[in-house]
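Trainee: My file is coords_5.txt. It has compact mmCIF, C-alpha atoms:
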# COMPACT_ATOMS: atom_id res chain seq x y z
CA MET Q 68 128.48 175.95 114.03
CA THR Q 69 127.43 176.50 117.64
CA GLN Q 70 124.10 175.52 119.09
CA ALA Q 71 122.84 179.11 118.98
CA GLU Q 72 123.74 179.72 115.33
CA ALA Q 73 121.38 179.33 112.39
CA LEU Q 74 122.70 178.02 109.09
CA THR Q 75 121.31 178.37 105.58
CA LEU Q 76 122.68 176.31 102.69
CA PRO Q 77 122.92 177.90 99.24
CA GLU Q 78 120.84 176.82 96.28
CA HIS Q 79 123.56 174.91 94.43
CA ILE Q 80 123.90 172.32 97.25
CA HIS Q 81 120.85 170.33 96.22
CA GLY Q 82 119.93 166.87 94.99
CA TYR Q 83 116.27 166.94 94.06
CA PRO Q 84 115.34 170.51 93.08
CA ASP Q 85 115.15 172.91 96.06
CA ILE Q 86 116.05 170.17 98.59
CA VAL Q 87 119.44 170.21 100.33
CA PHE Q 88 121.71 167.37 99.20
CA GLY Q 89 121.29 164.67 101.84
CA GLY Q 90 124.87 163.50 102.17
CA TYR Q 91 126.13 167.07 102.53
CA ILE Q 92 123.86 168.00 105.43
CA ALA Q 93 124.50 164.59 107.03
CA GLY Q 94 128.22 165.31 106.95
CA LEU Q 95 127.68 168.72 108.50
CA LEU Q 96 125.79 167.17 111.39
CA ALA Q 97 127.75 163.94 111.93
CA PRO Q 98 130.78 165.45 113.74
CA HIS Q 99 128.47 166.81 116.45
CA ALA Q 100 127.61 163.24 117.50
CA ASP Q 101 131.28 162.83 118.60
CA ALA Q 102 131.74 159.28 117.32
CA GLU Q 103 133.85 157.49 114.72
CA THR Q 104 130.78 155.93 113.12
CA VAL Q 105 127.54 157.90 112.95
CA ARG Q 106 124.04 157.21 111.67
CA VAL Q 107 122.11 160.16 110.29
CA ASP Q 108 118.33 159.85 109.90
CA PHE Q 109 116.43 162.25 107.65
CA ARG Q 110 113.12 163.16 109.29
CA SER Q 111 111.94 165.95 107.00
CA PRO Q 112 113.26 167.58 103.81
CA VAL Q 113 115.63 170.50 104.38
CA MET Q 114 115.06 173.20 101.79
CA VAL Q 115 117.86 175.27 100.29
CA GLY Q 116 117.79 178.88 101.41
CA THR Q 117 115.84 178.01 104.58
CA PRO Q 118 117.55 178.49 107.96
CA PHE Q 119 117.97 175.65 110.44
CA GLN Q 120 119.81 175.27 113.73
CA LEU Q 121 121.84 172.78 115.73
CA SER Q 122 120.50 170.96 118.77
CA ARG Q 123 122.39 168.55 121.06
CA PRO Q 124 119.77 166.76 123.17
CA GLU Q 125 122.28 164.39 124.82
CA SER Q 126 125.79 163.00 124.53
CA GLY Q 127 126.32 161.04 121.32
CA ARG Q 128 123.33 162.62 119.61
CA ALA Q 129 122.72 165.80 117.63
CA ALA Q 130 120.04 167.21 115.37
CA PHE Q 131 119.31 169.98 112.94
CA THR Q 132 115.94 171.55 113.59
CA SER Q 133 113.88 174.23 111.92
CA LEU Q 134 113.57 177.55 113.73
CA ASP Q 135 110.26 176.32 115.20
CA ASP Q 136 112.13 173.27 116.63
CA THR Q 137 110.81 170.70 114.17
CA VAL Q 138 113.44 167.94 113.89
CA LEU Q 139 114.80 167.75 110.34
CA VAL Q 140 117.87 165.51 110.62
CA GLU Q 141 119.18 163.45 113.55
CA ALA Q 142 122.63 161.95 114.17
CA SER Q 143 123.56 159.26 116.67
CA THR Q 144 126.42 156.94 117.52
CA ALA Q 145 126.30 153.78 115.43
CA THR Q 146 128.19 150.75 114.18
CA LEU Q 147 128.67 149.49 110.63
CA THR Q 148 128.17 145.77 110.14
CA ILE Q 149 128.89 145.64 106.42
CA ASP Q 150 132.18 144.79 104.74
CA PRO Q 151 133.24 146.53 101.55
CA ILE Q 152 133.27 144.42 98.43
CA PRO Q 153 136.54 144.34 96.44
CA THR Q 154 137.45 147.71 94.98
CA PRO Q 155 137.28 147.89 91.18
CA SER Q 156 140.53 148.71 89.44
CA TRP Q 157 141.41 152.27 88.49
CA SER Q 158 141.05 151.36 84.81
CA GLU Q 159 137.58 149.88 85.44
CA ALA Q 160 136.54 152.99 87.36
CA LYS Q 161 137.82 155.31 84.62
CA GLU Q 162 136.06 153.27 81.95
CA ALA Q 163 132.81 153.47 83.92
CA VAL Q 164 133.03 157.28 83.99
CA GLU Q 165 133.86 157.43 80.28
CA THR Q 166 130.91 155.16 79.48
CA ARG Q 167 128.52 157.32 81.43
CA LEU Q 168 129.75 160.61 79.99
CA SER Q 169 129.59 159.28 76.43
CA TYR Q 170 126.09 157.78 76.73
CA PRO Q 171 123.90 159.79 74.34
CA GLY Q 172 120.63 159.30 76.23
CA ARG Q 173 121.89 160.37 79.66
CA THR Q 174 120.12 163.04 81.70
CA ILE Q 175 122.34 166.02 82.51
CA THR Q 176 121.49 167.64 85.85
CA ASP Q 177 122.97 170.05 88.36
CA CYS Q 178 122.71 167.58 91.26
CA TYR Q 179 125.46 168.46 93.75
CA GLY Q 180 126.74 164.89 93.74
CA CYS Q 181 126.55 163.55 90.19
CA GLY Q 182 125.50 166.55 88.11
CA GLU Q 183 127.47 167.18 84.95
CA ALA Q 184 126.11 170.74 84.82
CA CYS Q 185 127.91 171.68 88.06
CA GLU Q 186 131.00 173.83 87.68
CA PRO Q 187 134.18 172.38 89.26
CA GLY Q 188 134.11 173.18 92.97
CA ARG Q 189 130.35 173.87 92.89
CA GLY Q 190 129.56 170.17 92.97
CA LEU Q 191 131.38 166.87 93.40
CA ARG Q 192 131.29 165.94 89.71
CA LEU Q 193 131.27 162.27 90.73
CA PHE Q 194 130.05 160.17 87.79
CA PRO Q 195 129.58 156.48 88.67
CA TRP Q 196 128.41 153.88 86.17
CA ARG Q 197 128.14 150.11 86.12
CA ILE Q 198 131.12 147.78 85.83
CA PRO Q 199 130.49 145.33 82.95
CA GLY Q 200 129.52 141.89 84.22
CA ARG Q 201 129.12 142.98 87.86
CA GLU Q 202 126.34 144.64 89.83
CA VAL Q 203 128.68 147.41 90.95
CA MET Q 204 128.63 151.13 90.25
CA ALA Q 205 132.07 152.72 90.15
CA ALA Q 206 133.79 156.00 89.36
CA ALA Q 207 137.29 157.36 89.19
CA TRP Q 208 137.25 160.65 91.10
CA THR Q 209 139.76 163.42 91.67
CA PRO Q 210 138.18 165.98 94.05
CA ASP Q 211 138.55 169.62 93.01
CA THR Q 212 140.74 171.79 95.24
CA ALA Q 213 137.80 174.16 95.84
CA LEU Q 214 136.09 171.38 97.82
CA ALA Q 215 138.92 171.15 100.37
CA ASP Q 216 139.66 172.95 103.62
CA GLU Q 217 142.79 175.02 104.25
CA ASN Q 218 144.81 171.83 104.78
CA GLY Q 219 143.80 170.34 101.44
CA GLU Q 220 141.52 167.75 103.07
CA LEU Q 221 137.89 167.20 102.20
CA PRO Q 222 135.71 168.18 105.18
CA PRO Q 223 133.08 165.71 106.47
CA GLU Q 224 130.22 167.27 104.52
CA ILE Q 225 132.06 166.62 101.24
CA VAL Q 226 133.07 163.07 102.21
CA TRP Q 227 129.53 162.19 103.27
CA ALA Q 228 128.15 163.79 100.10
CA ALA Q 229 130.42 161.50 98.09
CA LEU Q 230 128.91 158.52 99.95
CA ASP Q 231 125.34 159.45 98.97
CA CYS Q 232 124.73 159.63 95.19
CA PRO Q 233 126.64 156.46 94.18
CA GLY Q 234 124.41 154.33 96.39
CA GLY Q 235 121.29 155.86 94.92
CA LEU Q 236 122.51 155.10 91.41
CA ALA Q 237 123.23 151.50 92.43
CA GLY Q 238 119.69 151.24 93.78
CA PHE Q 239 118.11 152.68 90.63
CA ILE Q 240 120.13 150.46 88.29
CA PHE Q 241 120.35 147.18 90.21
CA SER Q 242 117.46 147.23 92.71
CA GLY Q 243 114.72 148.78 90.60
CA MET Q 244 114.17 151.85 92.78
CA GLY Q 245 111.36 154.05 91.49
CA ARG Q 246 111.32 157.77 90.79
CA GLY Q 247 111.32 160.00 93.85
CA THR Q 248 113.16 157.51 96.06
CA PHE Q 249 115.06 159.37 98.80
CA THR Q 250 117.83 158.77 101.34
CA ALA Q 251 116.16 157.94 104.66
CA ALA Q 252 119.30 157.10 106.65
CA LEU Q 253 123.05 157.18 106.07
CA THR Q 254 125.56 155.47 108.36
CA ALA Q 255 129.21 156.20 107.66
CA THR Q 256 132.75 156.18 108.94
CA GLN Q 257 135.95 157.72 107.56
CA THR Q 258 139.16 155.77 108.06
CA ALA Q 259 141.72 158.01 106.31
CA PRO Q 260 142.04 161.62 105.12
CA ILE Q 261 140.70 162.29 101.63
CA LEU Q 262 142.71 164.93 99.79
CA ALA Q 263 141.76 167.31 97.01
CA GLY Q 264 143.72 166.68 93.84
CA ALA Q 265 144.37 163.02 94.71
CA ASP Q 266 142.78 160.07 92.90
CA TYR Q 267 140.06 157.91 94.47
CA ILE Q 268 137.71 155.14 93.46
CA SER Q 269 134.06 155.30 94.47
CA HIS Q 270 132.02 152.13 94.26
CA ALA Q 271 128.52 151.15 95.36
CA TRP Q 272 126.49 147.96 95.49
CA VAL Q 273 123.06 146.76 96.63
CA LEU Q 274 122.84 144.94 99.95
CA HIS Q 275 119.14 144.02 100.00
CA ARG Q 276 115.60 145.12 99.23
CA ASP Q 277 112.50 144.89 101.43
CA GLY Q 278 109.46 146.26 99.64
CA ARG Q 279 109.93 150.01 99.27
CA LYS Q 280 113.19 149.90 101.27
CA HIS Q 281 116.52 149.54 99.47
CA THR Q 282 119.81 149.20 101.37
CA VAL Q 283 123.11 149.89 99.63
CA GLY Q 284 126.80 150.00 100.46
CA VAL Q 285 129.20 152.71 99.28
CA ALA Q 286 132.98 152.93 99.64
CA LEU Q 287 135.72 155.40 98.80
CA SER Q 288 139.21 153.95 98.31
CA THR Q 289 142.60 154.85 96.93
CA PRO Q 290 143.55 153.43 93.51
CA ASP Q 291 145.49 150.65 95.24
CA GLY Q 292 142.34 149.62 97.15
CA ALA Q 293 143.02 151.13 100.59
CA LEU Q 294 139.67 151.99 102.18
CA CYS Q 295 139.14 155.65 103.11
CA ALA Q 296 135.40 155.79 103.89
CA LEU Q 297 132.52 153.34 104.08
CA ALA Q 298 128.76 153.81 104.31
CA GLU Q 299 125.48 151.96 104.43
CA ALA Q 300 122.45 153.85 103.15
CA LEU Q 301 118.73 153.20 103.38
CA TRP Q 302 116.68 154.54 100.48
CA ILE Q 303 112.88 154.50 100.57
CA GLU Q 304 110.49 154.71 97.66
CA PRO Q 305 107.50 157.03 98.12
CA LYS Q 306 104.12 155.38 98.64
CA THR Q 307 101.98 155.06 95.55
CA LEU Q 308 98.31 155.91 95.68
Take the structure I supplied and represent it as structure tokens, if you would.

Mentor:
Amino acid sequence: MTQAEALTLPEHIHGYPDIVFGGYIAGLLAPHADAETVRVDFRSPVMVGTPFQLSRPESGRAAFTSLDDTVLVEASTATLTIDPIPTPSWSEAKEAVETRLSYPGRTITDCYGCGEACEPGRGLRLFPWRIPGREVMAAAWTPDTALADENGELPPEIVWAALDCPGGLAGFIFSGMGRGTFTAALTATQTAPILAGADYISHAWVLHRDGRKHTVGVALSTPDGALCALAEALWIEPKTL
């Protein structure tokens, strides 16, 4: 999109109800920062069906703002200082998905990232679950062709979306994140093309916790362990009264 254009995201691209899926909008904005590694900070919720616009205040920075110029999301050049932990095996990742999808007490949602209720191509259908004996969330994932561009590659908004939900699930399961916790910042880099119809392993782990702040790592790799994308995410629990 150009700086003068306004963009509105449709209702199905949401995480929490009515709120645009964080990783998706981060991936839309990140290329405008013109850097290999970008940090995206979420300043205010972006609502589905509500127009917003692009702003480039300076080189290496970009933002989405509301039509009254309130900053919603900001992107800036960054570095990643984390290293990915070893990639689970394809069989471990498949077993994690099967365990999650067979769990009778699971909540079925239409979250754009991990919602089972999403139709193929209308959501990522990325279903991480814990690896037995390790504090790692993992999923085997084969992106639907409807998520790809004309070259069969996943565009940045899909890649960044895939780097969002798994980290949140790791935080909820392993770091004790409370209800309503949200992505406050996402720093990511992509090191190889990610293709629709090909197999990938997503895995996520907790880096540390500081009060209401939870920091997680997320990686996307090929089944043989070659890294394709890496992210560090900061999740913050809402204040309690």

Trainee: Sorted by chain and rising residue number, which residues of stretch 71-122 of chain Q lie within 12 Å of stretch 139-148 of chain Q, and what are their closest atom pairs and distances in Å to one decimal, counting all atoms listed in the file, as CSV?

Mentor:
residue,atom,partner,partner_atom,distance
Q:Val87,CA,Q:Leu139,CA,11.3
Q:Gly89,CA,Q:Val140,CA,9.5
Q:Gly90,CA,Q:Val140,CA,11.2
Q:Tyr91,CA,Q:Val140,CA,11.7
Q:Ile92,CA,Q:Val140,CA,8.3
Q:Ala93,CA,Q:Val140,CA,7.6
Q:Gly94,CA,Q:Ala142,CA,9.7
Q:Leu95,CA,Q:Ala142,CA,10.2
Q:Leu96,CA,Q:Ala142,CA,6.7
Q:Ala97,CA,Q:Ala142,CA,5.9
Q:Pro98,CA,Q:Ala142,CA,8.9
Q:His99,CA,Q:Ala142,CA,7.9
Q:Ala100,CA,Q:Ser143,CA,5.7
Q:Asp101,CA,Q:Thr144,CA,7.7
Q:Ala102,CA,Q:Thr144,CA,5.8
Q:Glu103,CA,Q:Thr144,CA,8.0
Q:Thr104,CA,Q:Ala145,CA,5.5
Q:Val105,CA,Q:Thr144,CA,4.8
Q:Arg106,CA,Q:Ser143,CA,5.4
Q:Val107,CA,Q:Ala142,CA,4.3
Q:Asp108,CA,Q:Glu141,CA,5.2
Q:Phe109,CA,Q:Val140,CA,4.6
Q:Arg110,CA,Q:Leu139,CA,5.0
Q:Ser111,CA,Q:Leu139,CA,4.8
Q:Pro112,CA,Q:Leu139,CA,6.7
Q:Val113,CA,Q:Leu139,CA,6.6
Q:Met114,CA,Q:Leu139,CA,10.1
Q:Thr117,CA,Q:Leu139,CA,11.8
Q:Pro118,CA,Q:Leu139,CA,11.3
Q:Phe119,CA,Q:Leu139,CA,8.5
Q:Gln120,CA,Q:Leu139,CA,9.7
Q:Leu121,CA,Q:Val140,CA,9.7
Q:Ser122,CA,Q:Glu141,CA,9.2

Trainee: Which residue, Q:Ser169, Q:Thr132, Q:Thr174, Q:Thr154, has the smallest gap to Q:Arg201 when you use all atoms listed in the file?

Mentor: Q:Thr154

Trainee: When you draw a straight line from atom CA of Q:Pro210 to atom CA of Q:Ala229, how long is it in Å?

Mentor: 9.8 Å

Trainee: Kindly indicate which residue among Q:Thr258, Q:Asn218, Q:Thr250, Q:Thr289 lies nearest to Q:Gly82, using only C-alpha atoms for the distances.

Mentor: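 Of Q:Thr258, Q:Asn218, Q:Thr250, Q:Thr289, the one nearest Q:Gly82 is Q:Thr250, counting only C-alpha atoms.
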
Trainee: What's the separation between atom CA of Q:Pro77 and atom CA of Q:Ala213, in Å to one decimal place?

Mentor: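 Separating atom CA of Q:Pro77 from atom CA of Q:Ala213 is a distance of 15.7 Å.
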
Trainee: What's the 9 Å shell around stretch 232-236 of chain Q, counting all atoms listed in the file, without same-chain residues fewer than 6 positions away, as a list in words?

Mentor: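 Returned residues: Gly82, Gly90, Tyr179, Gly180, Cys181, Leu193, Phe194, Pro195, Trp196, Met204, Ala205, Ala206, Met244, Thr248, Phe249, Thr250, Ser269, His270, Ala271, Trp272, Val273, Thr282, Val283, Gly284, Val285, Glu299, Ala300 and Trp302 of chain Q.
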
Trainee: Report, in Å to a single decimal, how far apart atom CA of Q:Gly200 and atom CA of Q:Ala184 are.

Mentor: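 Going from atom CA of Q:Ala184 over to atom CA of Q:Gly200 covers 29.1 Å.
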
Trainee: Name the residues in contact with Q:Ala207 at a cut-off of 7 Å, using all atoms listed in the file, excluding same-chain residues fewer than 4 positions from it; report them as a list in words.

Mentor: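 My list of contacting residues is Trp157, Ala160, Lys161, Val164, Tyr267, Ile268 and Ser269 of chain Q.
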
Trainee: Could you give me stretch 249-274 of chain Q completed to N, CA, C and O atoms, formatted as a tab-separated table (two decimals), in the coordinates of the input?

Mentor:
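So out02.tsv came out as:
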chain	number	residue	atom	x	y	z
Q	249	PHE	N	114.22	158.42	98.06
Q	249	PHE	CA	115.06	159.37	98.80
Q	249	PHE	C	115.89	158.65	99.86
Q	249	PHE	O	115.56	157.55	100.29
Q	250	THR	N	116.99	159.30	100.26
Q	250	THR	CA	117.83	158.77	101.34
Q	250	THR	C	117.10	158.97	102.67
Q	250	THR	O	116.81	160.09	103.05
Q	251	ALA	N	116.83	157.87	103.36
Q	251	ALA	CA	116.16	157.94	104.66
Q	251	ALA	C	117.15	157.89	105.81
Q	251	ALA	O	116.91	158.45	106.88
Q	252	ALA	N	118.27	157.20	105.61
Q	252	ALA	CA	119.30	157.10	106.65
Q	252	ALA	C	120.65	156.82	105.99
Q	252	ALA	O	120.71	156.12	104.97
Q	253	LEU	N	121.69	157.37	106.57
Q	253	LEU	CA	123.05	157.18	106.07
Q	253	LEU	C	123.96	156.96	107.26
Q	253	LEU	O	124.03	157.81	108.16
Q	254	THR	N	124.62	155.81	107.30
Q	254	THR	CA	125.56	155.47	108.36
Q	254	THR	C	126.95	155.39	107.75
Q	254	THR	O	127.15	154.67	106.77
Q	255	ALA	N	127.91	156.12	108.32
Q	255	ALA	CA	129.21	156.20	107.66
Q	255	ALA	C	130.34	156.34	108.66
Q	255	ALA	O	130.15	156.76	109.81
Q	256	THR	N	131.52	155.98	108.17
Q	256	THR	CA	132.75	156.18	108.94
Q	256	THR	C	133.86	156.54	107.94
Q	256	THR	O	133.84	156.08	106.80
Q	257	GLN	N	134.79	157.37	108.38
Q	257	GLN	CA	135.95	157.72	107.56
Q	257	GLN	C	137.19	157.17	108.24
Q	257	GLN	O	137.43	157.41	109.43
Q	258	THR	N	138.01	156.45	107.47
Q	258	THR	CA	139.16	155.77	108.06
Q	258	THR	C	140.49	156.39	107.67
Q	258	THR	O	141.53	155.99	108.20
Q	259	ALA	N	140.48	157.35	106.74
Q	259	ALA	CA	141.72	158.01	106.31
Q	259	ALA	C	141.37	159.36	105.72
Q	259	ALA	O	140.26	159.56	105.22
Q	260	PRO	N	142.30	160.32	105.76
Q	260	PRO	CA	142.04	161.62	105.12
Q	260	PRO	C	141.81	161.44	103.62
Q	260	PRO	O	142.42	160.57	102.98
Q	261	ILE	N	140.95	162.27	103.07
Q	261	ILE	CA	140.70	162.29	101.63
Q	261	ILE	C	141.11	163.67	101.13
Q	261	ILE	O	140.61	164.69	101.61
Q	262	LEU	N	142.03	163.70	100.18
Q	262	LEU	CA	142.71	164.93	99.79
Q	262	LEU	C	142.23	165.41	98.42
Q	262	LEU	O	142.05	164.62	97.49
Q	263	ALA	N	142.04	166.71	98.31
Q	263	ALA	CA	141.76	167.31	97.01
Q	263	ALA	C	142.95	167.11	96.08
Q	263	ALA	O	144.10	167.14	96.51
Q	264	GLY	N	142.66	166.87	94.82
Q	264	GLY	CA	143.72	166.68	93.84
Q	264	GLY	C	144.29	165.28	93.78
Q	264	GLY	O	145.08	164.97	92.87
Q	265	ALA	N	143.92	164.42	94.72
Q	265	ALA	CA	144.37	163.02	94.71
Q	265	ALA	C	143.30	162.15	94.04
Q	265	ALA	O	142.14	162.55	93.93
Q	266	ASP	N	143.69	160.97	93.61
Q	266	ASP	CA	142.78	160.07	92.90
Q	266	ASP	C	142.13	159.09	93.86
Q	266	ASP	O	142.80	158.53	94.75
Q	267	TYR	N	140.81	158.86	93.65
Q	267	TYR	CA	140.06	157.91	94.47
Q	267	TYR	C	139.10	157.12	93.59
Q	267	TYR	O	138.74	157.54	92.49
Q	268	ILE	N	138.71	155.98	94.11
Q	268	ILE	CA	137.71	155.14	93.46
Q	268	ILE	C	136.48	155.08	94.36
Q	268	ILE	O	136.58	154.73	95.53
Q	269	SER	N	135.35	155.46	93.80
Q	269	SER	CA	134.06	155.30	94.47
Q	269	SER	C	133.40	154.05	93.90
Q	269	SER	O	133.42	153.84	92.69
Q	270	HIS	N	132.83	153.22	94.78
Q	270	HIS	CA	132.02	152.13	94.26
Q	270	HIS	C	130.86	151.83	95.20
Q	270	HIS	O	130.93	152.07	96.41
Q	271	ALA	N	129.76	151.36	94.61
Q	271	ALA	CA	128.52	151.15	95.36
Q	271	ALA	C	127.85	149.88	94.87
Q	271	ALA	O	127.97	149.50	93.70
Q	272	TRP	N	127.13	149.23	95.79
Q	272	TRP	CA	126.49	147.96	95.49
Q	272	TRP	C	125.24	147.83	96.34
Q	272	TRP	O	125.09	148.47	97.38
Q	273	VAL	N	124.32	146.99	95.91
Q	273	VAL	CA	123.06	146.76	96.63
Q	273	VAL	C	123.27	145.68	97.67
Q	273	VAL	O	123.86	144.63	97.39
Q	274	LEU	N	122.78	145.93	98.87
Q	274	LEU	CA	122.84	144.94	99.95
Q	274	LEU	C	121.56	144.11	100.00
Q	274	LEU	O	121.61	142.89	100.02
